[in-house]
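Chemist: So here's final.tsv (TSV, C-alpha atoms).
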```
chain	number	residue	atom	x	y	z
S	1	MET	CA	222.42	-127.98	205.95
S	2	SER	CA	220.16	-125.11	206.98
S	3	LEU	CA	217.36	-123.06	205.50
S	4	LYS	CA	218.66	-119.79	204.07
S	5	GLN	CA	217.25	-116.92	202.03
S	6	ARG	CA	218.33	-116.34	198.44
S	7	ILE	CA	217.48	-112.80	197.28
S	8	LEU	CA	216.86	-111.79	193.67
S	9	TYR	CA	216.47	-108.14	192.65
S	10	LEU	CA	214.70	-107.78	189.31
S	11	SER	CA	213.85	-104.42	187.76
S	12	ALA	CA	211.09	-104.51	185.17
S	13	GLU	CA	209.82	-102.18	182.47
S	14	SER	CA	206.60	-101.56	184.42
S	15	THR	CA	204.83	-102.56	187.64
S	16	ASP	CA	203.32	-105.50	185.71
S	17	PRO	CA	205.20	-108.70	186.68
S	18	LYS	CA	204.81	-109.85	183.08
S	19	SER	CA	206.63	-106.84	181.63
S	20	SER	CA	210.23	-107.29	180.48
S	21	THR	CA	213.03	-107.34	183.02
S	22	LEU	CA	215.73	-104.65	182.65
S	23	SER	CA	218.25	-105.53	185.35
S	24	GLN	CA	219.13	-108.29	187.79
S	25	ALA	CA	221.22	-108.94	190.89
S	26	LEU	CA	221.26	-112.27	192.73
S	27	HIS	CA	222.48	-112.48	196.34
S	28	GLU	CA	223.36	-115.96	197.56
S	29	PRO	CA	223.46	-116.64	201.31
S	30	LEU	CA	227.18	-117.32	201.33
S	31	LYS	CA	229.77	-115.47	203.42
S	32	ASN	CA	231.97	-114.52	200.50
S	33	ASP	CA	229.21	-113.99	197.96
S	34	ILE	CA	230.07	-111.18	195.51
S	35	VAL	CA	227.37	-109.35	193.57
S	36	GLU	CA	228.63	-107.06	190.85
S	37	ILE	CA	228.36	-106.07	187.21
S	38	ASP	CA	229.51	-109.10	185.25
S	39	PRO	CA	231.18	-108.16	181.96
S	40	THR	CA	230.95	-111.77	180.79
S	41	SER	CA	227.18	-111.96	181.43
S	42	GLU	CA	225.19	-113.30	178.51
S	43	GLY	CA	221.91	-111.77	179.65
S	44	LEU	CA	219.42	-111.93	182.49
S	45	ASP	CA	218.15	-115.20	183.93
S	46	TYR	CA	214.48	-114.30	183.54
S	47	LYS	CA	212.69	-112.38	180.80
S	48	THR	CA	209.91	-111.35	183.20
S	49	VAL	CA	209.31	-111.35	186.95
S	50	HIS	CA	206.47	-113.78	186.30
S	51	GLU	CA	208.93	-116.21	184.73
S	52	ALA	CA	210.93	-116.12	187.99
S	53	VAL	CA	207.78	-116.76	190.01
S	54	VAL	CA	207.02	-119.78	187.81
S	55	ASP	CA	210.54	-120.96	188.65
S	56	GLY	CA	209.75	-120.89	192.37
S	57	TRP	CA	210.77	-117.37	193.42
S	58	ARG	CA	208.39	-115.56	195.79
S	59	ILE	CA	207.90	-111.78	195.52
S	60	VAL	CA	208.59	-110.09	198.87
S	61	HIS	CA	208.63	-106.48	197.67
S	62	PHE	CA	206.46	-104.89	195.00
S	63	PRO	CA	207.56	-101.65	193.29
S	64	ASP	CA	206.02	-98.30	194.10
S	65	GLN	CA	203.70	-97.14	191.31
S	66	ARG	CA	205.35	-93.71	191.33
S	67	SER	CA	207.96	-94.31	188.67
S	68	SER	CA	210.60	-91.81	189.69
S	69	ILE	CA	211.78	-90.50	193.01
S	70	ALA	CA	209.09	-88.07	194.11
S	71	ASN	CA	209.99	-84.38	193.72
S	72	SER	CA	213.48	-85.20	192.48
S	73	GLU	CA	215.32	-84.80	189.21
S	74	GLU	CA	216.93	-88.18	189.81
S	75	GLU	CA	215.66	-91.16	187.88
S	76	ILE	CA	215.67	-94.86	188.59
S	77	ILE	CA	215.61	-97.10	185.52
S	78	GLY	CA	212.87	-99.70	185.88
S	79	PHE	CA	210.55	-100.83	188.67
S	80	GLN	CA	212.20	-103.04	191.24
S	81	PHE	CA	210.76	-106.31	192.50
S	82	ILE	CA	212.58	-108.22	195.25
S	83	LEU	CA	212.12	-111.99	195.31
S	84	GLU	CA	213.25	-114.75	197.61
S	85	LYS	CA	213.73	-118.47	197.67
S	86	ILE	CA	214.19	-120.27	200.97
S	87	GLU	CA	216.36	-123.29	200.36
S	88	ASP	CA	218.56	-125.75	202.12
S	89	TYR	CA	221.97	-124.23	201.74
S	90	SER	CA	225.42	-125.29	202.79
S	91	GLU	CA	228.70	-123.42	202.56
K	1	MET	CA	248.04	-85.92	158.93
K	2	ASN	CA	246.96	-82.85	160.87
K	3	ASN	CA	243.85	-82.40	158.79
K	4	ILE	CA	240.85	-83.38	160.89
K	5	GLU	CA	238.32	-82.95	158.07
K	6	GLN	CA	238.38	-86.64	157.22
K	7	TYR	CA	237.65	-87.52	160.84
K	8	LEU	CA	234.68	-85.23	161.43
K	9	LEU	CA	231.51	-87.15	162.26
K	10	ASN	CA	228.50	-87.19	159.97
K	11	ASP	CA	224.88	-86.53	160.97
K	12	ASP	CA	224.12	-90.15	161.84
K	13	GLN	CA	227.27	-90.49	163.98
K	14	VAL	CA	226.37	-87.34	165.92
K	15	ALA	CA	222.84	-88.70	166.36
K	16	ASP	CA	224.37	-92.00	167.57
K	17	PHE	CA	226.34	-90.08	170.21
K	18	ILE	CA	223.26	-88.18	171.34
K	19	ILE	CA	221.20	-91.39	171.50
K	20	ASN	CA	223.78	-93.61	173.20
K	21	GLY	CA	226.17	-91.20	174.92
K	22	TYR	CA	229.40	-92.75	173.63
K	23	HIS	CA	231.61	-93.02	170.55
K	24	ILE	CA	234.57	-95.34	170.01
K	25	VAL	CA	237.72	-94.16	168.18
K	26	GLU	CA	240.35	-96.55	166.88
K	27	THR	CA	243.46	-94.50	166.12
K	28	PRO	CA	245.77	-95.52	163.28
K	29	LEU	CA	248.76	-95.48	165.69
K	30	SER	CA	250.64	-98.77	165.74
K	31	PRO	CA	250.17	-101.49	168.38
K	32	GLU	CA	253.89	-101.11	169.18
K	33	PHE	CA	253.33	-97.43	170.03
K	34	HIS	CA	250.55	-98.37	172.47
K	35	ASP	CA	252.69	-101.18	173.91
K	36	GLY	CA	255.34	-98.57	174.67
K	37	ILE	CA	252.83	-96.46	176.60
K	38	TYR	CA	251.68	-99.56	178.50
K	39	SER	CA	255.29	-100.28	179.52
K	40	LYS	CA	255.86	-96.69	180.66
K	41	LEU	CA	252.67	-96.75	182.75
K	42	ASN	CA	253.73	-100.07	184.21
K	43	ASN	CA	257.06	-98.58	185.31
K	44	LEU	CA	255.67	-95.50	187.07
K	45	PRO	CA	256.71	-95.65	190.74
K	46	SER	CA	253.61	-93.71	191.86
K	47	ASN	CA	250.45	-92.16	190.47
K	48	PRO	CA	251.30	-88.82	188.82
K	49	GLY	CA	247.64	-87.75	188.95
K	50	ASP	CA	246.94	-84.76	186.70
K	51	LYS	CA	250.58	-84.84	185.55
K	52	ILE	CA	250.22	-88.21	183.82
K	53	ASN	CA	250.77	-86.39	180.49
K	54	ILE	CA	254.18	-85.18	181.73
K	55	ALA	CA	255.16	-88.58	183.11
K	56	VAL	CA	254.17	-90.24	179.83
K	57	PRO	CA	254.45	-87.54	177.12
K	58	GLU	CA	253.52	-90.04	174.39
K	59	LEU	CA	249.95	-89.62	175.62
K	60	ASN	CA	249.95	-86.19	173.98
K	61	LYS	CA	250.30	-87.89	170.60
K	62	VAL	CA	247.22	-89.99	171.31
K	63	TYR	CA	245.08	-87.14	172.62
K	64	ASP	CA	246.19	-84.78	169.84
K	65	HIS	CA	245.62	-87.24	167.03
K	66	PRO	CA	243.27	-86.02	164.26
K	67	SER	CA	241.23	-89.23	164.58
K	68	LEU	CA	240.24	-88.01	168.06
K	69	ARG	CA	240.19	-84.27	167.36
K	70	GLY	CA	237.72	-84.75	164.51
K	71	PRO	CA	235.03	-86.38	166.68
K	72	LEU	CA	235.75	-83.95	169.55
K	73	GLU	CA	235.33	-80.90	167.34
K	74	SER	CA	232.16	-82.46	165.95
K	75	ILE	CA	230.47	-82.74	169.33
K	76	LEU	CA	232.16	-79.99	171.40
K	77	GLY	CA	232.44	-77.31	168.74
K	78	GLU	CA	235.52	-75.46	167.53
K	79	LYS	CA	238.32	-74.56	169.94
K	80	TYR	CA	237.20	-76.92	172.68
K	81	SER	CA	239.56	-77.03	175.65
K	82	ILE	CA	241.30	-79.78	177.59
K	83	GLY	CA	240.52	-80.03	181.32
K	84	GLU	CA	243.32	-79.91	183.86
K	85	HIS	CA	242.11	-83.06	185.57
K	86	ARG	CA	243.59	-86.29	184.22
K	87	HIS	CA	243.75	-89.70	185.78
K	88	CYS	CA	245.36	-93.05	185.12
K	89	HIS	CA	243.25	-95.96	186.38
K	90	LYS	CA	245.32	-99.02	187.20
K	91	ASN	CA	243.03	-102.03	187.35
K	92	HIS	CA	244.96	-104.94	188.88
K	93	PRO	CA	243.97	-108.58	188.45
K	94	GLY	CA	241.48	-109.25	191.22
K	95	THR	CA	240.01	-105.71	191.18
K	96	ARG	CA	236.26	-105.86	191.80
K	97	SER	CA	233.55	-104.03	189.90
K	98	GLN	CA	232.45	-100.47	190.72
K	99	ILE	CA	228.76	-99.67	191.09
K	100	TRP	CA	226.93	-97.73	188.38
K	101	HIS	CA	227.74	-94.04	188.73
K	102	GLN	CA	228.02	-90.71	186.96
K	103	ASP	CA	231.38	-89.04	187.47
K	104	ASN	CA	231.65	-86.61	190.33
K	105	LEU	CA	230.55	-83.02	190.05
K	106	ASN	CA	232.32	-79.96	191.38
K	107	ILE	CA	235.87	-80.91	190.51
K	108	PRO	CA	237.60	-77.63	191.37
K	109	THR	CA	239.78	-77.65	188.27
K	110	LEU	CA	236.75	-77.60	186.00
K	111	MET	CA	235.65	-74.19	184.88
K	112	ASP	CA	231.93	-74.24	185.46
K	113	GLY	CA	231.50	-76.62	188.40
K	114	HIS	CA	229.83	-79.06	186.04
K	115	ASN	CA	226.16	-79.11	186.64
K	116	ARG	CA	224.61	-82.03	184.80
K	117	SER	CA	223.84	-81.29	181.14
K	118	PRO	CA	221.17	-83.74	180.02
K	119	ASP	CA	220.22	-81.52	177.08
K	120	HIS	CA	223.68	-80.41	175.91
K	121	ILE	CA	227.22	-81.63	175.30
K	122	LYS	CA	229.37	-79.34	177.43
K	123	SER	CA	232.07	-81.81	178.33
K	124	VAL	CA	233.17	-85.35	177.57
K	125	LEU	CA	235.36	-87.96	179.17
K	126	VAL	CA	237.91	-89.56	176.86
K	127	MET	CA	239.19	-92.90	178.09
K	128	TYR	CA	242.30	-94.33	176.45
K	129	TYR	CA	243.20	-98.02	176.71
K	130	PRO	CA	246.85	-98.79	175.81
K	131	GLN	CA	246.12	-102.52	175.66
K	132	GLU	CA	243.41	-104.68	174.18
K	133	VAL	CA	240.51	-104.96	176.62
K	134	LYS	CA	238.83	-108.37	176.75
K	135	SER	CA	235.68	-109.07	178.74
K	136	ASN	CA	237.67	-110.53	181.67
K	137	MET	CA	240.08	-107.58	181.90
K	138	GLY	CA	237.83	-105.09	183.68
K	139	PRO	CA	236.22	-103.41	180.68
K	140	THR	CA	234.24	-100.24	181.27
K	141	ALA	CA	230.49	-100.95	181.39
K	142	LEU	CA	227.99	-98.36	180.14
K	143	ILE	CA	224.23	-97.96	180.06
K	144	PRO	CA	223.53	-96.53	176.59
K	145	GLY	CA	221.31	-93.46	176.75
K	146	SER	CA	221.66	-92.99	180.51
K	147	HIS	CA	223.46	-89.64	180.10
K	148	LEU	CA	220.03	-88.07	179.67
K	149	PHE	CA	219.09	-88.83	183.28
K	150	ARG	CA	220.42	-87.88	186.68
K	151	SER	CA	221.34	-91.00	188.59
K	152	ALA	CA	221.13	-91.81	192.29
K	153	PRO	CA	224.03	-94.29	192.63
K	154	ASP	CA	223.13	-95.40	196.15
K	155	ARG	CA	219.59	-96.20	195.05
K	156	ASN	CA	220.79	-97.94	191.89
K	157	ALA	CA	223.28	-100.07	193.79
K	158	SER	CA	220.96	-103.08	193.92
K	159	GLN	CA	220.50	-103.22	190.14
K	160	GLY	CA	223.55	-105.27	189.14
K	161	ASN	CA	223.55	-106.27	185.49
K	162	PHE	CA	221.38	-104.40	183.00
K	163	ARG	CA	219.97	-106.32	180.08
K	164	ASP	CA	221.15	-103.70	177.59
K	165	GLN	CA	224.46	-102.75	179.21
K	166	LYS	CA	227.36	-102.17	176.84
K	167	ILE	CA	230.63	-103.80	177.80
K	168	ALA	CA	233.46	-101.86	176.15
K	169	THR	CA	235.72	-104.65	174.93
K	170	LEU	CA	238.19	-102.80	172.74
K	171	LYS	CA	241.15	-103.16	170.42
K	172	VAL	CA	244.57	-102.03	171.64
K	173	GLY	CA	244.87	-98.23	171.67
K	174	SER	CA	241.14	-97.49	171.44
K	175	LEU	CA	239.59	-94.34	172.82
K	176	LEU	CA	236.13	-94.17	174.33
K	177	ILE	CA	234.46	-90.75	174.15
K	178	LEU	CA	231.70	-90.49	176.76
K	179	HIS	CA	229.13	-87.82	177.48
K	180	TYR	CA	230.20	-86.63	180.93
K	181	ASP	CA	226.92	-87.73	182.51
K	182	ILE	CA	226.73	-91.33	181.23
K	183	TRP	CA	226.19	-94.01	183.88
K	184	HIS	CA	229.24	-96.24	183.84
K	185	ALA	CA	231.39	-98.55	185.96
K	186	GLY	CA	234.75	-100.23	185.83
K	187	THR	CA	234.21	-103.98	186.04
K	188	ALA	CA	236.10	-106.86	187.60
K	189	ASN	CA	239.49	-107.82	186.24
K	190	THR	CA	239.62	-111.61	186.45
K	191	SER	CA	242.54	-111.90	184.02
K	192	ASN	CA	246.20	-112.05	185.01
K	193	LYS	CA	247.09	-108.75	183.34
K	194	ILE	CA	246.90	-105.16	184.64
K	195	ARG	CA	244.38	-103.13	182.66
K	196	TYR	CA	245.22	-99.43	182.31
K	197	MET	CA	242.79	-96.69	181.38
K	198	VAL	CA	243.87	-93.05	181.12
K	199	LYS	CA	241.08	-90.51	181.44
K	200	TYR	CA	241.11	-86.93	180.13
K	201	LEU	CA	238.34	-84.33	180.12
K	202	PHE	CA	237.50	-82.06	177.20
K	203	GLU	CA	235.16	-79.09	177.40
K	204	ARG	CA	233.11	-76.90	175.11
K	205	LYS	CA	234.35	-73.30	175.04
K	206	LYS	CA	231.46	-71.63	173.24
K	207	GLU	CA	228.05	-72.31	171.78
K	208	SER	CA	228.17	-73.36	168.13
K	209	GLU	CA	226.60	-71.12	165.52
K	210	LYS	CA	226.43	-73.93	162.98
K	211	PRO	CA	227.05	-77.68	162.97
K	212	THR	CA	230.76	-78.39	163.42
K	213	TRP	CA	230.51	-81.81	161.82
K	214	ASN	CA	229.81	-83.00	158.27
K	215	HIS	CA	226.22	-81.85	158.24
K	216	ASN	CA	223.78	-82.25	155.37
K	217	PRO	CA	220.60	-80.21	155.92
K	218	SER	CA	218.63	-82.68	153.81
K	219	ASN	CA	219.07	-85.25	156.60
K	220	LYS	CA	216.96	-83.31	159.12
K	221	ALA	CA	213.76	-85.35	158.74
K	222	HIS	CA	215.73	-88.59	158.98
K	223	ILE	CA	217.58	-87.41	162.11
K	224	LEU	CA	214.40	-86.21	163.78
K	225	GLU	CA	212.84	-89.60	163.15
K	226	ARG	CA	215.87	-91.38	164.63
K	227	LEU	CA	215.86	-89.20	167.76
K	228	GLU	CA	212.19	-89.99	168.20
K	229	ARG	CA	212.29	-93.71	167.49
K	230	ASP	CA	215.74	-95.27	167.99
K	231	ASP	CA	216.14	-97.41	171.08
K	232	SER	CA	219.15	-97.32	173.34
K	233	ALA	CA	218.92	-99.22	176.64
K	234	THR	CA	215.31	-100.17	177.39
K	235	LEU	CA	213.52	-97.82	179.80
K	236	GLN	CA	210.10	-97.66	181.34
K	237	LYS	CA	207.66	-96.08	178.87
K	238	SER	CA	207.03	-93.12	181.18
K	239	LEU	CA	210.59	-91.89	180.53
K	240	ILE	CA	210.49	-92.21	176.73
K	241	HIS	CA	208.97	-88.78	176.05
K	242	LYS	CA	211.47	-87.11	178.39
K	243	ARG	CA	214.27	-89.03	176.67
K	244	ASN	CA	213.18	-88.00	173.19
K	245	PHE	CA	212.70	-84.36	174.20
K	246	LEU	CA	216.21	-84.23	175.70
K	247	ARG	CA	217.73	-85.88	172.62
K	248	THR	CA	216.24	-83.29	170.29
K	249	LYS	CA	217.14	-80.43	172.61
K	250	MET	CA	220.72	-81.74	172.78
K	251	TRP	CA	220.95	-81.78	168.97
K	252	ASN	CA	219.56	-78.26	168.78
K	253	ASN	CA	221.93	-77.00	171.46
K	254	ILE	CA	225.01	-78.19	169.57
K	255	ALA	CA	223.79	-77.59	166.00
K	256	GLY	CA	223.34	-73.79	165.94
K	257	ASN	CA	221.58	-73.00	162.67
K	258	GLY	CA	221.31	-76.73	161.92
K	259	SER	CA	218.66	-77.21	164.58
K	260	LEU	CA	215.58	-79.36	164.05
K	261	GLU	CA	212.00	-78.18	164.05
K	262	TYR	CA	208.97	-80.21	164.88
K	263	LYS	CA	206.50	-80.16	162.04
K	264	TYR	CA	203.28	-82.08	162.24
K	265	HIS	CA	203.16	-85.04	159.92
K	266	ASP	CA	200.60	-87.80	159.78
K	267	LYS	CA	202.39	-90.91	160.98
K	268	TRP	CA	199.36	-93.14	160.93
K	269	SER	CA	197.99	-93.03	157.41
K	270	GLY	CA	198.64	-96.00	155.14
K	271	SER	CA	197.66	-99.63	155.07
K	272	TRP	CA	195.50	-101.11	157.82
K	273	PRO	CA	197.24	-103.53	160.21
K	274	GLU	CA	197.12	-107.17	159.18
K	275	PRO	CA	194.84	-109.42	161.29
K	276	LYS	CA	196.77	-111.42	163.88
K	277	MET	CA	195.98	-115.11	163.59
```
Reformat the file's structure so that it appears as structure tokens.
Modeler:
Amino acid sequence: MSLKQRILYLSAESTDPKSSTLSQALHEPLKNDIVEIDPTSEGLDYKTVHEAVVDGWRIVHFPDQRSSIANSEEEIIGFQFILEKIEDYSE
Amino acid sequence: MNNIEQYLLNDDQVADFIINGYHIVETPLSPEFHDGIYSKLNNLPSNPGDKINIAVPELNKVYDHPSLRGPLESILGEKYSIGEHRHCHKNHPGTRSQIWHQDNLNIPTLMDGHNRSPDHIKSVLVMYYPQEVKSNMGPTALIPGSHLFRSAPDRNASQGNFRDQKIATLKVGSLLILHYDIWHAGTANTSNKIRYMVKYLFERKKESEKPTWNHNPSNKAHILERLERDDSATLQKSLIHKRNFLRTKMWNNIAGNGSLEYKYHDKWSGSWPEPKM
């Protein structure tokens, strides 16, 4: 058993942690962990970033308030929060 | 059988394509016909690349079927052309998911180098699936409405599953017509069956002078309202106005004399909101 970092990427509709989440990717601290689009997914784990915080996740990165990439025609959908949980983890 | 009139889209179906960026066609060809194509693909010793239509000539019957030509003429105009680039995707059991992406630009065989067209329909991808596609067989995933935006795949790579993603589980022999710029990805095949997808490109040859679908001018107000209000995948509010502008511009660019005009109308008059208890 050792302490390891679980990482949760959540994109939300705005910079407000209580706005609706739009996308999610969860990275587990396992050697063969695979993170990918899941065609059998039945939805996201949390409706808001705040809901994840209530569940024990800690925000380690807050989104930039500039919604799109500055001076670019490219767009990113949503505002990305990165959260972590430090937990005892075993392979 | 060759008459495509019955397969032309109507105003709402064209609006659906503009709003979501995709349209599904289920051809009336028999399951046995599609099974035959699946078997031929399965017996190919190597990837014929652009010559997949020569290696499996039955594909011509699929791609020339009126049930596909009707929707294509509706959104690409009359006398659209077929691109030289074709590809058969062989998705083995165990294949992992791709990341969200728009297809590559600057394919030399394409006529205009394919700059993105977020306000027009200049080309479409048509994906043909010769077998039923269940959710565990590597279905194509789409983000509805994303064709209106230029993506940065490396910066989107951390986004994983979208709440409003569309997973294209399909009946045997279905065709998926996609705006060329839609964000999409092949997903993991966790079944024990190979999933084939054959991809062709179709391109607009000229600007349309009038709608090339079953258009009824009396629908204009209804369509304008849909382009302004219908949701596709949820976005941040700061992109909604850009989205709606591009939708309307796209309609106007393909509709010729059937284009829409903004006319001021009072959207707010009427009954007061009810008190919230």
Chemist: Taking only C-alpha atoms into account, find every residue of chain S that has an atom no more than 12 Å from chain K, and write it out as JSON, numbers by chain.
Modeler: {"S": [7, 8, 9, 10, 11, 12, 13, 14, 15, 16, 19, 20, 21, 22, 23, 24, 25, 26, 27, 34, 35, 36, 37, 38, 39, 40, 41, 42, 43, 44, 45, 46, 47, 48, 65, 66, 67, 68, 69, 72, 73, 74, 75, 76, 77, 78, 79, 80, 81, 82]}
Chemist: If you count all atoms listed in the file, which residues fall within 12 Å of segment 57-62 of chain K, apart from same-chain ones fewer than 5 positions away, as a count of residues only?
Modeler: 37
Chemist: Would you compute the distance between atom CA of Glu203 of chain K and atom CA of Tyr80 of chain K? Give it in Å to one decimal.
Modeler: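 It comes out at 5.6 Å.
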Chemist: Would you work out the distance separating atom CA of Ser232 of chain K from atom CA of Lys249 of chain K, expressed in Å to one decimal?
Modeler: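 Pair atom CA of Ser232 of chain K / atom CA of Lys249 of chain K returns 17.0 Å.
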Chemist: Which distance in Å separates atom CA of Leu3 of chain S and atom CA of Ile86 of chain S, to one decimal?
Modeler: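 Separation of atom CA of Leu3 of chain S and atom CA of Ile86 of chain S: 6.2 Å.
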Chemist: Lys4 of chain S: which residues within 8 Å, counting all atoms listed in the file, same-chain residues fewer than 6 positions away excluded, as a list in words?
Modeler: Pro29, Ile86, Glu87, Asp88 and Tyr89 of chain S
Chemist: Store the residues picked out above, limited to C-alpha atoms, as a PDB file, in the coordinates of the input.
Modeler:
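Output file selection24.pdb is given in full below:
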```pdb
ATOM      1  CA  PRO S  29     223.460-116.640 201.310  1.00  0.00           C
ATOM      2  CA  ILE S  86     214.190-120.270 200.970  1.00  0.00           C
ATOM      3  CA  GLU S  87     216.360-123.290 200.360  1.00  0.00           C
ATOM      4  CA  ASP S  88     218.560-125.750 202.120  1.00  0.00           C
ATOM      5  CA  TYR S  89     221.970-124.230 201.740  1.00  0.00           C
TER       6      TYR S  89
END
```
Chemist: Using only C-alpha atoms and a cutoff of 10 Å, can you tell me which residues are near (238.7, -75.5, 167.8) in the file's coordinates, and write them out as a ChimeraX atom specification?
Modeler: /K:69-70,72-74,76-81,204-206,212
Chemist: Give the centre and edge lengths of an axis-aligned box, in Å to one decimal, that holds all listed atoms of segment 160-173 of chain K with 3 Å on each side, as AutoDock Vina command-line options.
Modeler:
```
--center_x 232.4 --center_y -102.3 --center_z 179.8 --size_x 30.9 --size_y 14.1 --size_z 24.7
```
Chemist: Kindly indicate which residue among S:Lys18, S:Ser90, S:Gln5, S:Lys85 lies nearest to Glu51 of chain S, using only C-alpha atoms for the distances.
Modeler: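 Closest to Glu51 of chain S of all the choices is S:Lys18.
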Chemist: Can you work out which one of K:Gly145, K:His120, K:Ser191, K:Ile177 has the shortest atom-to-atom distance to Val133 of chain K, counting all atoms listed in the file?
Modeler: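 Of the candidates, the smallest distance to Val133 of chain K is held by K:Ser191.
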Chemist: So which one's closest to Leu170 of chain K, K:Gly270, K:Ile24, K:His147, K:Val14? Using all atoms listed in the file, please.
Modeler: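 When distances to Leu170 of chain K are compared using all atoms listed in the file, the smallest one comes from K:Ile24.
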